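Dumped structure.csv below, it's CSV, N, CA, C and O atoms:
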chain,number,residue,atom,x,y,z
A,10,MET,N,-23.3,-6.9,31.6
A,10,MET,CA,-23.7,-7.7,30.4
A,10,MET,C,-23.3,-9.1,30.5
A,10,MET,O,-22.1,-9.4,30.9
A,11,ASN,N,-24.2,-10.0,30.2
A,11,ASN,CA,-23.8,-11.4,30.2
A,11,ASN,C,-23.3,-11.9,28.8
A,11,ASN,O,-23.3,-11.1,27.9
A,12,LYS,N,-22.9,-13.1,28.8
A,12,LYS,CA,-22.3,-13.7,27.6
A,12,LYS,C,-23.3,-13.6,26.4
A,12,LYS,O,-22.9,-13.2,25.3
A,13,ASP,N,-24.6,-13.9,26.6
A,13,ASP,CA,-25.5,-13.9,25.4
A,13,ASP,C,-25.7,-12.5,24.9
A,13,ASP,O,-25.8,-12.3,23.7
A,14,GLU,N,-25.7,-11.5,25.8
A,14,GLU,CA,-25.9,-10.1,25.3
A,14,GLU,C,-24.7,-9.6,24.5
A,14,GLU,O,-24.8,-8.9,23.5
A,15,ILE,N,-23.5,-10.0,25.0
A,15,ILE,CA,-22.3,-9.6,24.3
A,15,ILE,C,-22.3,-10.3,22.9
A,15,ILE,O,-21.9,-9.6,21.9
A,16,LEU,N,-22.6,-11.6,22.8
A,16,LEU,CA,-22.7,-12.2,21.5
A,16,LEU,C,-23.7,-11.6,20.6
A,16,LEU,O,-23.5,-11.5,19.4
A,17,ALA,N,-24.9,-11.3,21.1
A,17,ALA,CA,-25.9,-10.7,20.3
A,17,ALA,C,-25.5,-9.3,19.8
A,17,ALA,O,-25.7,-9.0,18.6
A,18,LYS,N,-24.8,-8.5,20.6
A,18,LYS,CA,-24.3,-7.2,20.2
A,18,LYS,C,-23.3,-7.4,19.1
A,18,LYS,O,-23.3,-6.6,18.1
A,19,SER,N,-22.4,-8.4,19.3
A,19,SER,CA,-21.4,-8.6,18.3
A,19,SER,C,-21.9,-9.0,17.0
A,19,SER,O,-21.5,-8.6,15.9
A,20,ARG,N,-23.0,-9.8,17.0
A,20,ARG,CA,-23.6,-10.3,15.7
A,20,ARG,C,-24.3,-9.1,15.0
A,20,ARG,O,-24.3,-9.0,13.8
A,21,LYS,N,-24.9,-8.2,15.8
A,21,LYS,CA,-25.5,-7.0,15.2
A,21,LYS,C,-24.5,-6.1,14.5
A,21,LYS,O,-24.8,-5.5,13.5
A,22,GLU,N,-23.3,-6.0,15.1
A,22,GLU,CA,-22.3,-5.1,14.5
A,22,GLU,C,-21.7,-5.7,13.2
A,22,GLU,O,-21.1,-4.9,12.4
A,23,LYS,N,-21.9,-6.9,13.0
A,23,LYS,CA,-21.4,-7.6,11.8
A,23,LYS,C,-19.9,-7.4,11.6
A,23,LYS,O,-19.4,-7.3,10.5
A,24,ASN,N,-19.1,-7.4,12.7
A,24,ASN,CA,-17.7,-7.3,12.6
A,24,ASN,C,-17.2,-8.7,12.8
A,24,ASN,O,-17.1,-9.2,14.0
A,25,ASP,N,-16.8,-9.3,11.8
A,25,ASP,CA,-16.3,-10.7,11.9
A,25,ASP,C,-14.7,-10.6,11.9
A,25,ASP,O,-14.1,-10.2,11.0
A,26,GLU,N,-14.2,-11.0,13.1
A,26,GLU,CA,-12.7,-11.0,13.2
A,26,GLU,C,-12.0,-11.9,12.2
A,26,GLU,O,-10.9,-11.6,11.7
A,27,GLY,N,-12.6,-13.0,11.9
A,27,GLY,CA,-12.0,-14.0,11.0
A,27,GLY,C,-12.0,-13.3,9.6
A,27,GLY,O,-11.0,-13.5,8.9
A,28,LEU,N,-13.0,-12.6,9.2
A,28,LEU,CA,-13.0,-12.0,7.9
A,28,LEU,C,-12.0,-10.9,7.9
A,28,LEU,O,-11.2,-10.7,6.9
A,29,ARG,N,-11.9,-10.1,8.9
A,29,ARG,CA,-10.8,-9.0,9.0
A,29,ARG,C,-9.4,-9.6,8.9
A,29,ARG,O,-8.6,-9.1,8.2
A,30,GLU,N,-9.2,-10.7,9.6
A,30,GLU,CA,-7.9,-11.4,9.5
A,30,GLU,C,-7.6,-11.9,8.1
A,30,GLU,O,-6.5,-11.8,7.6
A,31,ALA,N,-8.6,-12.5,7.5
A,31,ALA,CA,-8.4,-12.9,6.1
A,31,ALA,C,-8.1,-11.8,5.1
A,31,ALA,O,-7.3,-11.9,4.3
A,32,GLN,N,-8.8,-10.6,5.3
A,32,GLN,CA,-8.6,-9.4,4.5
A,32,GLN,C,-7.1,-8.9,4.7
A,32,GLN,O,-6.4,-8.6,3.8
A,33,ASN,N,-6.7,-8.9,6.0
A,33,ASN,CA,-5.4,-8.4,6.3
A,33,ASN,C,-4.3,-9.4,5.7
A,33,ASN,O,-3.3,-8.9,5.2
A,34,LYS,N,-4.5,-10.7,5.8
A,34,LYS,CA,-3.6,-11.6,5.2
A,34,LYS,C,-3.6,-11.4,3.7
A,34,LYS,O,-2.5,-11.5,3.1
A,35,GLY,N,-4.7,-11.2,3.1
A,35,GLY,CA,-4.8,-11.0,1.7
A,35,GLY,C,-4.0,-9.7,1.3
A,35,GLY,O,-3.3,-9.7,0.2
A,36,ARG,N,-4.1,-8.7,2.1
A,36,ARG,CA,-3.4,-7.5,1.8
A,36,ARG,C,-1.9,-7.7,1.9
A,36,ARG,O,-1.1,-7.2,1.1
A,37,ARG,N,-1.4,-8.5,2.9
A,37,ARG,CA,0.0,-8.8,3.0
A,37,ARG,C,0.5,-9.6,1.8
A,37,ARG,O,1.6,-9.3,1.3
A,38,ILE,N,-0.3,-10.6,1.4
A,38,ILE,CA,0.1,-11.4,0.3
A,38,ILE,C,0.1,-10.5,-1.0
A,38,ILE,O,1.0,-10.6,-1.8
A,39,GLY,N,-0.9,-9.7,-1.1
A,39,GLY,CA,-1.0,-8.8,-2.3
A,39,GLY,C,0.2,-7.8,-2.4
A,39,GLY,O,0.7,-7.5,-3.4
A,40,THR,N,0.6,-7.3,-1.2
A,40,THR,CA,1.7,-6.4,-1.2
A,40,THR,C,3.0,-7.1,-1.6
A,40,THR,O,3.8,-6.6,-2.4
A,41,ALA,N,3.2,-8.3,-1.1
A,41,ALA,CA,4.4,-9.1,-1.5
A,41,ALA,C,4.4,-9.4,-3.0
A,41,ALA,O,5.4,-9.3,-3.7
A,42,ALA,N,3.2,-9.8,-3.5
A,42,ALA,CA,3.1,-10.1,-4.9
A,42,ALA,C,3.3,-8.9,-5.8
A,42,ALA,O,4.0,-8.9,-6.8
A,43,PHE,N,2.8,-7.7,-5.3
A,43,PHE,CA,3.0,-6.5,-6.0
A,43,PHE,C,4.5,-6.1,-6.1
A,43,PHE,O,5.1,-5.8,-7.1
A,44,ALA,N,5.2,-6.2,-4.9
A,44,ALA,CA,6.6,-5.9,-4.9
A,44,ALA,C,7.4,-6.9,-5.8
A,44,ALA,O,8.3,-6.4,-6.5
A,45,CYS,N,7.1,-8.2,-5.8
A,45,CYS,CA,7.8,-9.1,-6.7
A,45,CYS,C,7.6,-8.8,-8.1
A,45,CYS,O,8.5,-8.8,-8.9
A,46,MET,N,6.4,-8.4,-8.5
A,46,MET,CA,6.1,-8.1,-9.9
A,46,MET,C,6.8,-6.8,-10.3
A,46,MET,O,7.3,-6.7,-11.4
A,47,VAL,N,6.9,-5.8,-9.4
A,47,VAL,CA,7.6,-4.6,-9.7
A,47,VAL,C,9.1,-5.0,-10.0
A,47,VAL,O,9.7,-4.5,-10.9
A,48,ILE,N,9.7,-5.8,-9.1
A,48,ILE,CA,11.1,-6.2,-9.3
A,48,ILE,C,11.3,-6.9,-10.6
A,48,ILE,O,12.2,-6.6,-11.4
A,49,VAL,N,10.4,-7.8,-11.0
A,49,VAL,CA,10.5,-8.6,-12.2
A,49,VAL,C,10.4,-7.6,-13.4
A,49,VAL,O,11.2,-7.7,-14.4
A,50,ILE,N,9.5,-6.7,-13.4
A,50,ILE,CA,9.3,-5.7,-14.5
A,50,ILE,C,10.6,-4.8,-14.6
A,50,ILE,O,11.1,-4.5,-15.7
A,51,LEU,N,11.1,-4.3,-13.4
A,51,LEU,CA,12.3,-3.5,-13.4
A,51,LEU,C,13.5,-4.2,-14.0
A,51,LEU,O,14.2,-3.7,-14.8
A,52,ILE,N,13.7,-5.5,-13.6
A,52,ILE,CA,14.8,-6.3,-14.2
A,52,ILE,C,14.6,-6.5,-15.7
A,52,ILE,O,15.6,-6.3,-16.5
A,53,PHE,N,13.4,-6.8,-16.1
A,53,PHE,CA,13.1,-7.0,-17.5
A,53,PHE,C,13.4,-5.7,-18.3
A,53,PHE,O,14.0,-5.8,-19.4
A,54,ASP,N,12.9,-4.6,-17.8
A,54,ASP,CA,13.1,-3.3,-18.5
A,54,ASP,C,14.6,-3.0,-18.5
A,54,ASP,O,15.1,-2.5,-19.5
A,55,LEU,N,15.3,-3.3,-17.5
A,55,LEU,CA,16.8,-3.1,-17.4
A,55,LEU,C,17.5,-3.9,-18.5
A,55,LEU,O,18.3,-3.4,-19.3
A,56,ILE,N,17.1,-5.2,-18.6
A,56,ILE,CA,17.7,-6.0,-19.6
A,56,ILE,C,17.4,-5.6,-21.0
A,56,ILE,O,18.2,-5.6,-21.9
A,57,GLN,N,16.2,-5.1,-21.2
A,57,GLN,CA,15.7,-4.6,-22.6
A,57,GLN,C,16.2,-3.2,-22.9
A,57,GLN,O,16.0,-2.7,-24.0
A,58,GLY,N,16.8,-2.5,-21.9
A,58,GLY,CA,17.3,-1.2,-22.1
A,58,GLY,C,16.2,-0.1,-22.1
A,58,GLY,O,16.3,0.9,-22.7
A,59,LYS,N,15.1,-0.4,-21.5
A,59,LYS,CA,13.9,0.5,-21.5
A,59,LYS,C,13.8,1.2,-20.1
A,59,LYS,O,14.3,0.7,-19.1
A,60,ASP,N,13.2,2.4,-20.1
A,60,ASP,CA,13.0,3.0,-18.8
A,60,ASP,C,11.9,2.4,-18.1
A,60,ASP,O,11.0,1.8,-18.7
A,61,SER,N,11.9,2.6,-16.8
A,61,SER,CA,10.8,2.1,-15.9
A,61,SER,C,10.1,3.2,-15.1
A,61,SER,O,9.7,2.9,-14.0
A,62,TYR,N,10.0,4.4,-15.7
A,62,TYR,CA,9.5,5.5,-15.0
A,62,TYR,C,8.0,5.2,-14.5
A,62,TYR,O,7.7,5.6,-13.4
A,63,SER,N,7.2,4.7,-15.4
A,63,SER,CA,5.8,4.4,-15.0
A,63,SER,C,5.7,3.4,-13.9
A,63,SER,O,4.9,3.6,-13.0
A,64,VAL,N,6.5,2.4,-13.9
A,64,VAL,CA,6.4,1.4,-12.9
A,64,VAL,C,6.9,2.0,-11.6
A,64,VAL,O,6.3,1.7,-10.5
A,65,LEU,N,8.0,2.7,-11.6
A,65,LEU,CA,8.5,3.4,-10.4
A,65,LEU,C,7.5,4.4,-9.8
A,65,LEU,O,7.4,4.5,-8.6
A,66,ALA,N,6.8,5.1,-10.7
A,66,ALA,CA,5.8,6.1,-10.2
A,66,ALA,C,4.7,5.3,-9.5
A,66,ALA,O,4.3,5.8,-8.4
A,67,VAL,N,4.2,4.2,-10.0
A,67,VAL,CA,3.2,3.5,-9.4
A,67,VAL,C,3.7,2.9,-8.1
A,67,VAL,O,3.0,2.9,-7.0
A,68,PHE,N,4.9,2.4,-8.0
A,68,PHE,CA,5.5,1.8,-6.8
A,68,PHE,C,5.6,2.8,-5.7
A,68,PHE,O,5.1,2.6,-4.6
A,69,TRP,N,6.1,4.0,-6.0
A,69,TRP,CA,6.3,5.0,-5.0
A,69,TRP,C,5.0,5.6,-4.5
A,69,TRP,O,4.8,6.0,-3.3
A,70,VAL,N,4.0,5.7,-5.3
A,70,VAL,CA,2.7,6.2,-4.9
A,70,VAL,C,2.0,5.2,-4.0
A,70,VAL,O,1.4,5.5,-3.0
A,71,TYR,N,2.3,3.9,-4.2
A,71,TYR,CA,1.8,2.9,-3.4
A,71,TYR,C,2.4,2.9,-2.0
A,71,TYR,O,1.8,2.8,-1.0
A,72,ILE,N,3.8,3.1,-2.0
A,72,ILE,CA,4.5,3.3,-0.7
A,72,ILE,C,3.9,4.5,0.1
A,72,ILE,O,3.7,4.4,1.3
A,73,ALA,N,3.7,5.6,-0.6
A,73,ALA,CA,3.2,6.8,0.1
A,73,ALA,C,1.8,6.5,0.6
A,73,ALA,O,1.5,6.9,1.8
A,74,ALA,N,1.0,5.9,-0.2
A,74,ALA,CA,-0.4,5.6,0.3
A,74,ALA,C,-0.5,4.6,1.4
A,74,ALA,O,-1.4,4.7,2.3
A,75,GLN,N,0.4,3.7,1.4
A,75,GLN,CA,0.5,2.7,2.5
A,75,GLN,C,1.0,3.4,3.8
A,75,GLN,O,0.6,3.0,4.9
A,76,SER,N,2.0,4.3,3.7
A,76,SER,CA,2.6,4.9,4.9
A,76,SER,C,1.7,5.9,5.6
A,76,SER,O,1.8,6.1,6.8
A,77,TYR,N,0.9,6.6,4.8
A,77,TYR,CA,0.1,7.7,5.4
A,77,TYR,C,-0.9,7.2,6.5
A,77,TYR,O,-0.9,7.8,7.6
A,78,PRO,N,-1.7,6.2,6.3
A,78,PRO,CA,-2.5,5.7,7.4
A,78,PRO,C,-1.7,5.3,8.6
A,78,PRO,O,-2.1,5.4,9.8
A,79,LEU,N,-0.5,4.7,8.4
A,79,LEU,CA,0.3,4.3,9.5
A,79,LEU,C,0.8,5.5,10.3
A,79,LEU,O,0.9,5.5,11.5
A,80,TYR,N,1.1,6.6,9.6
A,80,TYR,CA,1.5,7.8,10.2
A,80,TYR,C,0.3,8.4,11.0
A,80,TYR,O,0.5,8.8,12.2
A,81,ARG,N,-0.9,8.4,10.4
A,81,ARG,CA,-2.0,8.9,11.1
A,81,ARG,C,-2.3,8.2,12.4
A,81,ARG,O,-2.7,8.7,13.4
A,82,PHE,N,-2.1,6.9,12.4
A,82,PHE,CA,-2.3,6.0,13.6
A,82,PHE,C,-1.3,6.1,14.6
A,82,PHE,O,-1.5,6.3,15.8
A,83,THR,N,0.0,6.1,14.2
A,83,THR,CA,1.1,6.0,15.2
A,83,THR,C,1.8,7.4,15.4
A,83,THR,O,2.4,7.5,16.5
A,84,LYS,N,1.6,8.3,14.5
A,84,LYS,CA,2.3,9.7,14.6
A,84,LYS,C,3.8,9.6,14.6
A,84,LYS,O,4.5,10.5,15.0
A,85,LYS,N,4.3,8.5,14.1
A,85,LYS,CA,5.8,8.3,13.9
A,85,LYS,C,6.3,9.1,12.7
A,85,LYS,O,5.7,9.0,11.6
A,86,SER,N,7.3,9.9,13.0
A,86,SER,CA,7.8,10.7,11.9
A,86,SER,C,8.4,9.9,10.8
A,86,SER,O,8.4,10.4,9.6
A,87,SER,N,8.8,8.7,11.0
A,87,SER,CA,9.4,7.8,9.9
A,87,SER,C,8.3,7.5,8.9
A,87,SER,O,8.6,7.5,7.7
A,88,TYR,N,7.1,7.3,9.4
A,88,TYR,CA,6.0,7.1,8.4
A,88,TYR,C,5.6,8.4,7.6
A,88,TYR,O,5.3,8.3,6.5
A,89,LEU,N,5.7,9.5,8.3
A,89,LEU,CA,5.4,10.8,7.6
A,89,LEU,C,6.5,11.0,6.6
A,89,LEU,O,6.2,11.4,5.5
A,90,MET,N,7.8,10.7,6.9
A,90,MET,CA,8.8,10.9,6.0
A,90,MET,C,8.7,9.9,4.8
A,90,MET,O,8.9,10.3,3.6
A,91,SER,N,8.2,8.7,5.0
A,91,SER,CA,8.0,7.7,3.9
A,91,SER,C,6.9,8.3,3.0
A,91,SER,O,7.0,8.1,1.8
A,92,THR,N,5.9,8.9,3.6
A,92,THR,CA,4.8,9.4,2.9
A,92,THR,C,5.2,10.6,2.0
A,92,THR,O,5.0,10.6,0.8
A,93,MET,N,6.0,11.5,2.6
A,93,MET,CA,6.4,12.7,1.8
A,93,MET,C,7.4,12.3,0.7
A,93,MET,O,7.3,12.8,-0.4
A,94,LEU,N,8.4,11.4,1.1
A,94,LEU,CA,9.4,11.0,0.1
A,94,LEU,C,8.7,10.2,-1.0
A,94,LEU,O,9.1,10.3,-2.2
A,95,GLY,N,7.8,9.3,-0.6
A,95,GLY,CA,7.0,8.5,-1.6
A,95,GLY,C,6.3,9.4,-2.6
A,95,GLY,O,6.3,9.1,-3.8
A,96,ILE,N,5.6,10.4,-2.1
A,96,ILE,CA,4.9,11.4,-3.0
A,96,ILE,C,5.9,12.1,-3.9
A,96,ILE,O,5.6,12.2,-5.1
A,97,ALA,N,7.0,12.6,-3.3
A,97,ALA,CA,7.9,13.3,-4.2
A,97,ALA,C,8.5,12.4,-5.2
A,97,ALA,O,8.6,12.8,-6.4
A,98,ALA,N,8.9,11.1,-4.9
A,98,ALA,CA,9.4,10.2,-5.8
A,98,ALA,C,8.4,9.9,-6.9
A,98,ALA,O,8.7,9.8,-8.1
A,99,ALA,N,7.2,9.6,-6.5
A,99,ALA,CA,6.1,9.3,-7.4
A,99,ALA,C,5.9,10.4,-8.4
A,99,ALA,O,5.8,10.2,-9.7
A,100,LEU,N,5.9,11.7,-8.0
A,100,LEU,CA,5.7,12.8,-8.9
A,100,LEU,C,6.9,13.0,-9.8
A,100,LEU,O,6.7,13.3,-11.0
A,101,ALA,N,8.1,12.8,-9.3
A,101,ALA,CA,9.3,12.9,-10.1
A,101,ALA,C,9.3,11.8,-11.2
A,101,ALA,O,9.6,12.1,-12.4
A,102,PHE,N,9.0,10.6,-10.9
A,102,PHE,CA,8.9,9.5,-11.9
A,102,PHE,C,7.8,9.7,-12.8
A,102,PHE,O,7.9,9.4,-14.0
A,103,LEU,N,6.7,10.2,-12.4
A,103,LEU,CA,5.6,10.5,-13.3
A,103,LEU,C,6.0,11.6,-14.3
A,103,LEU,O,5.7,11.5,-15.5
A,104,ALA,N,6.6,12.6,-13.8
A,104,ALA,CA,7.1,13.7,-14.7
A,104,ALA,C,8.1,13.1,-15.7
A,104,ALA,O,8.0,13.4,-16.9
A,105,ALA,N,9.0,12.3,-15.2
A,105,ALA,CA,10.0,11.7,-16.1
A,105,ALA,C,9.3,10.8,-17.2
A,105,ALA,O,9.7,10.8,-18.4
A,106,TYR,N,8.3,10.1,-16.8
A,106,TYR,CA,7.5,9.2,-17.7
A,106,TYR,C,6.8,10.1,-18.7
A,106,TYR,O,6.9,9.8,-19.9
A,107,ILE,N,6.1,11.1,-18.3
A,107,ILE,CA,5.4,12.0,-19.2
A,107,ILE,C,6.4,12.6,-20.2
A,107,ILE,O,6.1,12.7,-21.4
A,108,ILE,N,7.5,13.1,-19.7
A,108,ILE,CA,8.5,13.7,-20.6
A,108,ILE,C,9.1,12.7,-21.6
A,108,ILE,O,9.2,13.0,-22.8
A,109,SER,N,9.3,11.4,-21.2
A,109,SER,CA,9.8,10.4,-22.1
A,109,SER,C,8.8,10.0,-23.1
A,109,SER,O,9.2,9.7,-24.3
A,110,VAL,N,7.5,10.1,-22.8
A,110,VAL,CA,6.5,9.8,-23.8
A,110,VAL,C,6.3,10.9,-24.8
A,110,VAL,O,6.2,10.7,-26.0
A,111,VAL,N,6.3,12.1,-24.3
A,111,VAL,CA,6.0,13.3,-25.1
A,111,VAL,C,7.2,13.6,-26.1
A,111,VAL,O,7.0,14.0,-27.2
A,112,MET,N,8.4,13.5,-25.6
A,112,MET,CA,9.6,13.8,-26.3
A,112,MET,C,10.0,12.8,-27.3
A,112,MET,O,10.1,11.8,-27.5
For this file, produce the structure as structure tokens.
Amino acid sequence: MNKDEILAKSRKEKNDEGLREAQNKGRRIGTAAFACMVIVILIFDLIQGKDSYSVLAVFWVYIAAQSYPLYRFTKKSSYLMSTMLGIAAALAFLAAYIISVVM
């Protein structure tokens, strides 16, 4: 394959590495912003004397959802453990949230 054929094939696939890099950077920034917002809400709830079960449920399900593809790709047991513990924590905080609302 010569250079022109490779470029033509790349254009047909419509895989733009610049776009993928921008998406990945956006995800990293979004993750950092999400974590900062969770911390701010947790601190605010703590100061106000309110529970944060719903926020913690969302946080832990996010951790689990982010860890699972990493486990699938790397097969590292630490990612599997993060996934399983994240799911368990998310379900526990969800149950605590539901109980606090219903009771």
Coordinates-based distance that separates CA of Ala104 (chain A) from CA of Ile48 (chain A) (Å, one decimal):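 These atoms are spaced 21.0 Å apart.
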Straight-line distance linking CA of Asn33 (chain A) with CA of Ile50 (chain A), stated in Å to one decimal: 25.6 Å
d(atom N of Ala99 (chain A), atom O of Val70 (chain A)) in Å: 7.9 Å
Each region 81-105 of chain A residue no farther than 7 Å from region 57-69 of chain A, nearest pair in Å, only C-alpha atoms, as JSON lines:
{"residue": "A:Gly95", "atom": "CA", "partner": "A:Trp69", "partner_atom": "CA", "distance": 4.9}
{"residue": "A:Ile96", "atom": "CA", "partner": "A:Trp69", "partner_atom": "CA", "distance": 6.8}
{"residue": "A:Ala98", "atom": "CA", "partner": "A:Trp69", "partner_atom": "CA", "distance": 6.1}
{"residue": "A:Ala99", "atom": "CA", "partner": "A:Ala66", "partner_atom": "CA", "distance": 4.3}
{"residue": "A:Leu100", "atom": "CA", "partner": "A:Ala66", "partner_atom": "CA", "distance": 6.8}
{"residue": "A:Phe102", "atom": "CA", "partner": "A:Ala66", "partner_atom": "CA", "distance": 4.9}
{"residue": "A:Leu103", "atom": "CA", "partner": "A:Ala66", "partner_atom": "CA", "distance": 5.4}
{"residue": "A:Ala105", "atom": "CA", "partner": "A:Tyr62", "partner_atom": "CA", "distance": 6.3}
Residue nearest Met90 (chain A) - candidates A:Ile52, A:Ile38, A:Ala73, A:Leu28, atoms counted: only N, CA, C and O atoms: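 Closest residue, counting only N, CA, C and O atoms: A:Ala73.
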Shell of 8 Å around Leu79 (chain A), all atoms listed in the file, local chain residues under 6 positions omitted, as a list in words: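 So the residues in contact are Ala73, Lys85, Ser86, Ser87, Tyr88 and Leu89 of chain A.
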